[in-house]
file input-v5.txt (compact mmCIF, C-alpha atoms)
# COMPACT_ATOMS: atom_id res chain seq x y z
CA MET N 234 0.00 0.00 0.00
CA ASP N 235 1.50 3.32 -1.08
CA ILE N 236 1.66 5.88 1.71
CA SER N 237 2.67 9.43 0.82
CA GLY N 238 3.75 12.39 2.91
CA ARG N 239 6.33 12.56 5.64
CA CYS N 240 6.93 10.93 8.98
CA GLU N 241 9.77 11.58 11.42
CA PRO N 242 11.79 8.40 12.12
CA GLY N 243 10.70 8.21 15.73
CA PHE N 244 7.06 7.92 14.65
CA SER N 245 7.39 5.06 12.14
CA SER N 246 4.84 3.01 14.09
CA VAL N 247 2.19 5.60 13.16
CA ARG N 248 2.94 4.99 9.49
CA ALA N 249 2.70 1.23 10.13
CA ALA N 250 -0.71 1.66 11.78
CA LEU N 251 -2.06 3.60 8.80
CA GLU N 252 -0.63 1.01 6.40
CA SER N 253 -2.28 -1.77 8.38
CA ASN N 254 -5.67 -0.03 8.28
CA LEU N 255 -5.43 0.32 4.52
CA GLU N 256 -3.97 -3.10 3.73
CA ARG N 257 -6.58 -5.03 5.68
CA GLY N 258 -9.41 -3.07 4.10
CA ALA N 259 -10.51 -1.28 7.26
CA ASP N 260 -9.80 1.94 5.36
CA VAL N 261 -10.14 2.86 1.70
CA GLY N 262 -8.49 6.29 1.90
CA ALA N 263 -7.23 8.21 4.91
CA SER N 264 -4.90 10.87 6.24
CA VAL N 265 -3.08 11.13 9.57
CA SER N 266 -1.28 14.09 11.08
CA VAL N 267 0.50 14.63 14.36
CA THR N 268 2.08 17.71 15.88
CA TYR N 269 4.48 17.28 18.78
CA GLN N 270 5.80 20.26 20.73
CA ASP N 271 4.45 22.50 17.98
CA GLU N 272 6.26 20.68 15.17
CA THR N 273 4.55 18.51 12.56
CA VAL N 274 6.09 15.06 12.96
CA VAL N 275 3.56 13.06 10.91
CA ASP N 276 1.72 14.15 7.77
CA LEU N 277 0.67 11.03 5.89
CA TYR N 278 -2.06 10.04 3.46
CA GLY N 279 -2.81 7.03 1.33
CA GLY N 280 -5.38 4.81 -0.29
CA HIS N 281 -8.13 5.85 -2.64
CA LEU N 282 -11.12 8.14 -3.03
CA ASP N 283 -13.49 5.37 -4.15
CA GLU N 284 -14.35 1.78 -3.32
CA ALA N 285 -13.21 0.71 -6.79
CA ARG N 286 -9.79 2.08 -5.84
CA SER N 287 -9.47 3.87 -9.16
CA GLN N 288 -8.56 7.35 -7.85
CA PRO N 289 -5.74 7.89 -5.36
CA TRP N 290 -6.14 10.04 -2.26
CA GLN N 291 -4.25 13.28 -2.86
CA THR N 292 -2.26 15.54 -0.56
CA ASP N 293 -5.03 18.16 -0.76
CA THR N 294 -8.02 15.81 -0.58
CA ILE N 295 -10.64 16.98 1.92
CA VAL N 296 -13.59 15.08 3.29
CA ASN N 297 -16.59 15.57 5.58
CA VAL N 298 -15.46 14.79 9.14
CA TYR N 299 -18.92 14.95 10.78
CA SER N 300 -18.67 15.75 14.49
CA THR N 301 -14.96 16.45 14.47
CA THR N 302 -16.37 19.73 13.12
CA LYS N 303 -17.68 20.45 16.61
CA THR N 304 -14.14 21.07 17.83
CA MET N 305 -13.90 23.99 15.41
CA SER N 306 -17.09 25.52 16.78
CA PHE N 307 -15.73 25.08 20.32
CA LEU N 308 -12.61 27.03 19.36
CA CYS N 309 -14.72 29.84 17.92
CA MET N 310 -16.67 30.13 21.16
CA LEU N 311 -13.50 29.95 23.26
CA MET N 312 -12.06 32.83 21.27
CA LEU N 313 -15.15 34.94 21.92
CA ALA N 314 -14.94 34.20 25.63
CA ASP N 315 -11.23 35.00 25.64
CA ARG N 316 -12.01 38.40 24.13
CA GLY N 317 -14.62 39.13 26.79
CA GLU N 318 -17.48 39.04 24.30
CA LEU N 319 -19.02 35.81 25.64
CA ASP N 320 -19.60 34.43 29.14
CA PHE N 321 -20.11 30.67 29.28
CA ASP N 322 -22.02 31.08 32.56
CA ALA N 323 -24.42 33.66 31.12
CA ASN N 324 -27.92 32.85 29.92
CA VAL N 325 -28.17 32.11 26.21
CA ALA N 326 -31.05 34.60 26.06
CA THR N 327 -28.63 37.39 26.99
CA TYR N 328 -27.31 37.12 23.45
CA TRP N 329 -30.32 35.55 21.71
CA PRO N 330 -33.51 36.92 23.35
CA GLU N 331 -35.95 34.74 21.39
CA PHE N 332 -34.28 31.66 22.87
CA ALA N 333 -35.91 32.35 26.26
CA ALA N 334 -39.24 30.97 24.97
CA ASN N 335 -40.81 27.82 26.38
CA GLY N 336 -38.89 27.57 29.64
CA LYS N 337 -35.37 28.26 28.35
CA ALA N 338 -34.72 31.64 29.99
CA ASP N 339 -32.14 30.17 32.35
CA VAL N 340 -30.29 27.91 29.88
CA LYS N 341 -26.59 28.76 30.10
CA VAL N 342 -24.13 29.00 27.23
CA TRP N 343 -22.07 26.19 28.74
CA HIS N 344 -25.17 23.98 28.57
CA LEU N 345 -25.01 24.37 24.79
CA MET N 346 -21.29 23.57 24.74
CA ASN N 347 -21.78 20.46 26.87
CA HIS N 348 -24.89 18.78 25.44
CA ALA N 349 -26.87 19.71 28.54
CA ALA N 350 -29.44 22.12 27.05
CA GLY N 351 -32.24 19.60 26.55
CA LEU N 352 -32.35 20.24 22.80
CA SER N 353 -30.65 17.14 21.41
CA GLY N 354 -33.30 16.87 18.69
CA LEU N 355 -36.40 18.57 17.33
CA ASP N 356 -40.08 17.99 18.07
CA GLU N 357 -40.87 18.74 14.43
CA GLN N 358 -39.71 16.10 11.97
CA VAL N 359 -37.20 17.65 9.57
CA GLY N 360 -34.81 16.46 6.88
CA ILE N 361 -32.13 17.95 4.69
CA GLU N 362 -34.41 20.65 3.25
CA THR N 363 -34.74 22.16 6.73
CA TYR N 364 -31.40 21.43 8.39
CA THR N 365 -29.57 23.18 5.54
CA ASP N 366 -31.66 26.31 6.24
CA TRP N 367 -30.12 28.27 9.12
CA GLN N 368 -33.10 30.51 9.80
CA LYS N 369 -35.55 27.61 9.94
CA MET N 370 -33.37 25.59 12.28
CA THR N 371 -32.62 28.38 14.71
CA THR N 372 -36.27 29.46 14.75
CA LEU N 373 -37.38 25.92 15.60
CA LEU N 374 -34.77 25.57 18.34
CA ALA N 375 -35.61 28.95 19.88
CA ALA N 376 -39.29 28.03 20.08
CA GLN N 377 -38.93 24.49 21.42
CA ALA N 378 -39.23 23.44 25.06
CA PRO N 379 -36.28 21.44 26.45
CA TRP N 380 -36.69 17.68 26.81
CA TRP N 381 -35.18 17.69 30.32
CA GLU N 382 -34.20 20.34 32.82
CA PRO N 383 -31.15 22.02 31.31
CA GLY N 384 -27.93 21.49 33.21
CA THR N 385 -29.15 18.41 35.08
CA GLY N 386 -28.07 15.79 32.55
CA VAL N 387 -26.53 15.25 29.14
CA ALA N 388 -27.64 13.82 25.81
CA TYR N 389 -25.43 14.29 22.78
CA HIS N 390 -26.69 17.15 20.58
CA ALA N 391 -25.41 15.46 17.42
CA VAL N 392 -26.74 17.98 14.87
CA THR N 393 -28.48 20.71 16.85
CA GLN N 394 -25.44 21.86 18.84
CA GLY N 395 -23.86 23.69 15.93
CA PHE N 396 -26.97 25.74 15.23
CA LEU N 397 -27.26 26.67 18.90
CA LEU N 398 -23.65 27.77 19.26
CA GLY N 399 -23.58 29.35 15.83
CA GLU N 400 -26.59 31.54 16.49
CA VAL N 401 -25.09 32.82 19.75
CA LEU N 402 -21.92 33.65 17.84
CA ARG N 403 -23.91 35.35 15.06
CA ARG N 404 -25.80 37.51 17.55
CA ILE N 405 -22.48 38.63 19.08
CA THR N 406 -20.35 39.11 15.95
CA GLY N 407 -22.80 39.56 13.07
CA GLN N 408 -20.94 36.76 11.28
CA THR N 409 -21.94 33.18 10.64
CA MET N 410 -19.79 30.59 12.35
CA GLY N 411 -18.39 29.52 8.99
CA GLU N 412 -17.35 33.08 8.25
CA PHE N 413 -15.86 33.64 11.71
CA PHE N 414 -13.98 30.34 11.60
CA ALA N 415 -12.60 31.04 8.11
CA GLN N 416 -11.39 34.53 9.06
CA GLU N 417 -10.25 34.10 12.64
CA ILE N 418 -8.91 30.54 12.66
CA ALA N 419 -8.40 28.89 9.27
CA ALA N 420 -6.87 31.93 7.56
CA LYS N 421 -4.58 32.78 10.46
CA LEU N 422 -3.27 29.22 10.68
CA ASP N 423 -3.35 28.51 6.93
CA ALA N 424 -5.54 25.50 7.61
CA ASP N 425 -7.48 23.75 4.83
CA PHE N 426 -10.76 23.29 6.73
CA TYR N 427 -14.22 24.68 5.98
CA ILE N 428 -17.65 24.95 7.58
CA GLY N 429 -19.47 25.43 4.29
CA VAL N 430 -17.24 24.45 1.36
CA PRO N 431 -16.29 27.29 -1.01
CA ASP N 432 -16.78 26.67 -4.73
CA ASP N 433 -13.07 26.47 -5.50
CA ALA N 434 -12.58 23.65 -2.97
CA LEU N 435 -15.52 21.50 -4.12
CA PRO N 436 -13.48 19.47 -6.67
CA ARG N 437 -11.19 18.29 -3.87
CA VAL N 438 -13.98 16.79 -1.72
CA ALA N 439 -13.92 13.00 -1.46
CA HIS N 440 -17.31 11.40 -0.91
CA LEU N 441 -17.76 9.32 2.19
CA ILE N 442 -18.42 5.60 1.85
CA PRO N 443 -21.43 4.95 4.13
CA PRO N 444 -21.69 2.10 6.61
CA THR N 445 -24.24 -0.66 6.04
CA ASP N 446 -26.94 1.27 7.87
CA SER N 447 -26.38 4.85 6.76
CA ARG N 448 -28.78 6.52 9.22
CA LEU N 449 -27.19 8.69 11.91
CA GLY N 450 -27.56 6.92 15.25
CA ALA N 451 -28.42 3.55 13.75
CA ASN N 452 -25.81 1.69 15.79
CA VAL N 453 -26.23 3.56 19.06
CA PHE N 454 -27.69 1.64 21.99
CA ALA N 455 -29.03 3.99 24.64
CA ASN N 456 -29.39 2.15 27.94
CA GLY N 457 -32.18 3.38 30.13
CA GLU N 458 -33.40 6.30 28.02
CA PRO N 459 -34.33 4.98 24.57
CA SER N 460 -36.93 7.69 24.06
CA ILE N 461 -34.38 10.52 24.22
CA ALA N 462 -32.02 8.68 21.89
CA ALA N 463 -34.76 7.81 19.43
CA ARG N 464 -36.13 11.36 19.38
CA SER N 465 -32.66 12.84 19.02
CA TYR N 466 -31.80 10.85 15.91
CA ALA N 467 -35.30 10.94 14.43
CA SER N 468 -35.08 14.70 13.83
CA PRO N 469 -33.07 16.20 12.28
CA ARG N 470 -33.06 13.05 10.12
CA VAL N 471 -29.58 12.60 8.70
CA ALA N 472 -28.24 9.93 6.35
CA ALA N 473 -24.63 9.55 5.23
CA GLU N 474 -25.66 9.92 1.60
CA ASP N 475 -26.79 13.46 2.39
CA SER N 476 -23.11 14.40 2.57
CA TRP N 477 -22.78 13.74 -1.17
CA THR N 478 -25.17 16.55 -2.03
CA LEU N 479 -24.23 20.10 -2.95
CA ALA N 480 -26.79 21.37 -0.43
CA TRP N 481 -24.91 19.63 2.40
CA LYS N 482 -21.46 20.75 1.27
CA LYS N 483 -22.45 24.40 0.85
CA ALA N 484 -24.55 24.74 4.02
CA GLU N 485 -23.19 25.65 7.44
CA ILE N 486 -23.90 22.82 9.87
CA PRO N 487 -21.23 23.53 12.51
CA ALA N 488 -21.85 20.28 14.39
CA ALA N 489 -21.50 18.02 11.38
CA ASN N 490 -20.46 19.27 7.93
CA GLY N 491 -16.90 20.49 8.32
CA HIS N 492 -14.61 19.46 5.48
CA GLY N 493 -10.87 19.11 5.82
CA ASN N 494 -8.02 16.64 6.20
CA ALA N 495 -5.91 15.43 9.07
CA ARG N 496 -3.20 18.02 8.39
CA ALA N 497 -5.69 20.85 8.86
CA VAL N 498 -7.33 19.41 11.97
CA ALA N 499 -4.02 18.69 13.70
CA LYS N 500 -2.68 22.13 12.78
CA ILE N 501 -5.73 23.87 14.26
CA HIS N 502 -5.73 21.78 17.43
CA ALA N 503 -2.03 22.46 17.93
CA VAL N 504 -3.18 25.83 19.27
CA LEU N 505 -4.86 24.10 22.22
CA ALA N 506 -2.05 21.56 22.60
CA ASN N 507 0.41 24.43 22.99
CA TYR N 508 -1.68 26.49 25.43
CA GLY N 509 -3.24 28.91 22.96
CA GLU N 510 -0.41 29.57 20.50
CA SER N 511 1.01 27.65 17.55
CA ASN N 512 3.80 28.62 15.18
CA GLY N 513 3.79 32.18 16.40
CA VAL N 514 0.01 32.64 16.09
CA ARG N 515 -1.80 33.13 19.40
CA LEU N 516 -5.55 32.57 19.25
CA LEU N 517 -6.25 31.97 22.95
CA SER N 518 -4.79 32.96 26.28
CA GLU N 519 -3.09 30.19 28.23
CA GLU N 520 -5.84 30.43 30.86
CA THR N 521 -8.58 29.82 28.31
CA ALA N 522 -6.64 26.99 26.67
CA ARG N 523 -6.29 25.30 30.06
CA SER N 524 -9.99 25.79 30.87
CA VAL N 525 -10.96 23.24 28.23
CA MET N 526 -9.56 20.47 30.45
CA VAL N 527 -11.72 21.35 33.47
CA PRO N 528 -14.76 19.04 33.78
CA ARG N 529 -18.08 20.88 33.53
CA ILE N 530 -20.52 17.97 33.62
CA SER N 531 -20.32 14.18 33.76
CA GLY N 532 -22.79 11.33 33.74
CA PHE N 533 -24.71 8.97 31.53
CA ASP N 534 -25.27 10.44 28.07
CA LYS N 535 -28.84 9.56 27.09
CA THR N 536 -28.10 9.77 23.37
CA LEU N 537 -24.74 8.02 23.20
CA GLY N 538 -25.71 5.42 25.78
CA MET N 539 -22.45 5.69 27.74
CA GLN N 540 -20.78 7.46 30.62
CA VAL N 541 -19.17 10.74 29.59
CA SER N 542 -17.25 13.68 31.02
CA TYR N 543 -17.26 17.01 29.19
CA GLY N 544 -15.00 20.01 29.60
CA LEU N 545 -15.86 23.12 27.59
CA GLY N 546 -17.14 21.18 24.60
CA PHE N 547 -14.44 18.53 24.39
CA GLY N 548 -14.64 15.05 25.84
CA LEU N 549 -12.46 14.20 28.84
CA ILE N 550 -11.32 10.93 30.37
CA PRO N 551 -14.07 10.30 32.95
CA ALA N 552 -11.93 8.71 35.68
CA GLU N 553 -12.32 10.35 39.08
CA ASN N 554 -8.58 10.29 39.74
CA ASN N 555 -7.53 11.29 36.23
CA ARG N 556 -5.27 14.33 36.18
CA ARG N 557 -4.11 14.06 32.59
CA ARG N 558 -4.54 17.22 30.51
CA LEU N 559 -6.00 15.45 27.51
CA CYS N 560 -9.21 16.05 25.59
CA PHE N 561 -10.68 14.52 22.46
CA TRP N 562 -13.53 14.35 20.02
CA GLY N 563 -14.55 12.31 17.01
CA GLY N 564 -16.95 12.15 14.12
CA TRP N 565 -19.57 9.70 12.94
CA GLY N 566 -17.86 7.04 10.89
CA GLY N 567 -14.45 7.24 12.49
CA SER N 568 -12.62 10.56 12.23
CA SER N 569 -10.90 11.50 15.47
CA ALA N 570 -8.84 14.14 17.21
CA ILE N 571 -6.83 14.07 20.43
CA ILE N 572 -5.22 17.04 22.18
CA ASP N 573 -2.67 16.33 24.92
CA GLN N 574 -1.39 19.43 26.71
CA ASP N 575 0.95 17.44 28.97
CA HIS N 576 3.01 16.33 25.98
CA ARG N 577 1.88 19.15 23.63
CA ILE N 578 0.52 16.66 21.11
CA SER N 579 -2.25 17.09 18.53
CA ILE N 580 -3.39 13.95 16.69
CA SER N 581 -5.85 13.79 13.82
CA TYR N 582 -7.16 10.87 11.77
CA VAL N 583 -9.55 11.46 8.85
CA MET N 584 -10.92 8.84 6.45
CA ASN N 585 -13.59 8.20 3.83
CA LYS N 586 -14.76 4.67 4.74
CA MET N 587 -17.30 5.06 7.51
CA HIS N 588 -17.71 2.54 10.30
CA GLY N 589 -20.94 2.56 12.30
CA GLY N 590 -20.00 4.24 15.56
CA LEU N 591 -20.12 7.83 16.77
CA THR N 592 -17.23 7.75 19.24
CA GLY N 593 -14.33 6.40 17.20
CA ASP N 594 -13.17 2.87 16.41
CA GLU N 595 -10.12 0.66 16.29
CA ARG N 596 -8.55 2.45 13.30
CA GLY N 597 -8.18 5.74 15.14
CA TYR N 598 -7.32 3.99 18.40
CA ALA N 599 -4.43 2.19 16.64
CA ILE N 600 -3.12 5.51 15.35
CA SER N 601 -3.24 7.18 18.77
CA ARG N 602 -1.63 4.20 20.52
CA ALA N 603 1.22 4.37 18.02
CA VAL N 604 1.67 8.09 18.66
CA PHE N 605 1.82 7.75 22.44
CA SER N 606 4.13 4.74 22.31
CA SER N 607 6.44 6.74 20.03
CA VAL N 608 6.59 9.62 22.52
CA ALA N 609 7.16 7.27 25.44
CA SER N 610 9.94 5.30 23.76

call {"tool": "encode", "arguments": {"input": "input-v5.txt", "output": "structure tokens"}}
result
Amino acid sequence: MDISGRCEPGFSSVRAALESNLERGADVGASVSVTYQDETVVDLYGGHLDEARSQPWQTDTIVNVYSTTKTMSFLCMLMLADRGELDFDANVATYWPEFAANGKADVKVWHLMNHAAGLSGLDEQVGIETYTDWQKMTTLLAAQAPWWEPGTGVAYHAVTQGFLLGEVLRRITGQTMGEFFAQEIAAKLDADFYIGVPDDALPRVAHLIPPTDSRLGANVFANGEPSIAARSYASPRVAAEDSWTLAWKKAEIPAANGHGNARAVAKIHAVLANYGESNGVRLLSEETARSVMVPRISGFDKTLGMQVSYGLGFGLIPAENNRRRLCFWGGWGGSSAIIDQDHRISISYVMNKMHGGLTGDERGYAISRAVFSSVAS
């Protein structure tokens, strides 16, 4: 299997892990990138764009990473807070008055960041025609009553979270989240990642290869609260094939339709891994960068069906005695990102062959194990 790009000698096991994923058919095409102490030590890609393996993955191939996009929206919100324009402990209605309707006057901004707002899905059944329409989605969310008392529990806001955060950002800045991200993060870091793909980047988008059941949430088993899980995935109704459409690519769905490659994701997350600054570009204060690692809420996630611990947006290791400064997130189908401030590491894995889960799988785990064993050796 041909692997292109570069890999520092001490990280050869990362290359081997990617090769293994491709050779055994777990992957069709993929990219992996790692920054260590603010230097790119791995930037690899290989495989193909299609199941027929007729078109090779290119150095500038980008692909939909689903919920790995959420990490970009978290960074946008962290930047606003760092500038004093946003308070995570303030009521959402402070910035978005209409949101106070139907018992949501006291919902906090951090509830939106941490899947605790009670709006993990919509009462009204909607599909791609609605969830690619920003005004319709934010109007529906502002009007809806929460499904549980906000702040008392969590259920993964798989699609709705991006609209909630993005509307708060729009009310503060006058920009959409895609615009803010492009100007304040991607451009400053020269990162090839988009929330809403521009026309000139469309030819570089590789289509995802859906899992057997291509419905979002199809493989999630929600112990104890099946009604919340079922309602969350029933609306907005998302299928992997939606990502092939121009409507999906051009829309701004900040929880789900970011397009990029591992190089871009790792480069952006290097800012957090290095306490707010990467390659001479400071986007966050050290205090704000560290705040991501502080647990905000933990418990059983009614949508994911598992125990979770959330910092400001990012997932944390939920062990009571864990003191490691590491956070992570992933996307439906397998993309993943890990940020380790202790070792100043940013890891990203992006692929086109989707597996069924929402929280990562063995392909990404193999990559991350290889990275950490390389650092430890």

call {"tool": "atom_distance", "arguments": {"input": "input-v5.txt", "atom1": "CA of Ala349 in chain N", "atom2": "CA of Gly384 in chain N"}}
result
5.1 Å

call {"tool": "atom_distance", "arguments": {"input": "input-v5.txt", "atom1": "CA of His576 in chain N", "atom2": "CA of Phe321 in chain N"}}
result
27.4 Å

call {"tool": "closest_residue", "arguments": {"input": "input-v5.txt", "among": "N:Ser518, N:Tyr269, N:Pro330, N:Thr294", "to": "Gly317 in chain N", "atoms": "only C-alpha atoms"}}
result
N:Ser518

call {"tool": "residues_around", "arguments": {"input": "input-v5.txt", "residues": "Ala434 in chain N", "least_positions_apart": "5", "cutoff": "10 Å", "atoms": "all atoms listed in the file", "output": "list of chain:residue names"}}
result
N:Asp293, N:Thr294, N:Ile295, N:Asp425, N:Phe426, N:Tyr427, N:His492

call {"tool": "closest_residue", "arguments": {"input": "input-v5.txt", "among": "N:Thr363, N:Ser465, N:Ser246, N:Thr406", "to": "Asp534 in chain N", "atoms": "all atoms listed in the file"}}
result
N:Ser465

call {"tool": "residues_around", "arguments": {"input": "input-v5.txt", "residues": "Ser264 in chain N", "least_positions_apart": "6", "cutoff": "6 Å", "atoms": "only C-alpha atoms", "output": "number ranges by chain"}}
result
N: 277-278, 495, 582-583

call {"tool": "closest_residue", "arguments": {"input": "input-v5.txt", "among": "N:Asn347, N:Glu331, N:Trp481, N:Thr536", "to": "Leu549 in chain N", "atoms": "all atoms listed in the file"}}
result
N:Asn347

call {"tool": "residues_around", "arguments": {"input": "input-v5.txt", "residues": "range 387-400 of chain N", "least_positions_apart": "3", "cutoff": "6 Å", "atoms": "only C-alpha atoms", "output": "list in words"}}
result
His348, Ala349, Ser353, Arg403, Met410, Pro487, Ala488, Asp534, Lys535 and Thr536 of chain N

call {"tool": "atom_distance", "arguments": {"input": "input-v5.txt", "atom1": "CA of Pro379 in chain N", "atom2": "CA of Leu352 in chain N"}}
result
5.5 Å

call {"tool": "closest_residue", "arguments": {"input": "input-v5.txt", "among": "N:Arg316, N:Arg470, N:Arg239, N:His281", "to": "Thr521 in chain N", "atoms": "all atoms listed in the file"}}
result
N:Arg316

call {"tool": "residues_around", "arguments": {"input": "input-v5.txt", "residues": "range 283-288 of chain N", "least_positions_apart": "3", "cutoff": "12 Å", "atoms": "only C-alpha atoms", "output": "list in words"}}
result
Met234, Leu255, Gly258, Ala259, Asp260, Val261, Gly262, Ala263, Gly279, Gly280, Gln291, Thr294, Arg437, Val438, Ala439, His440, Leu441, Ile442, Pro443, Met584, Asn585, Lys586 and Met587 of chain N

call {"tool": "closest_residue", "arguments": {"input": "input-v5.txt", "among": "N:Ala451, N:Val471, N:Ala497, N:Ala603", "to": "Asp423 in chain N", "atoms": "all atoms listed in the file"}}
result
N:Ala497
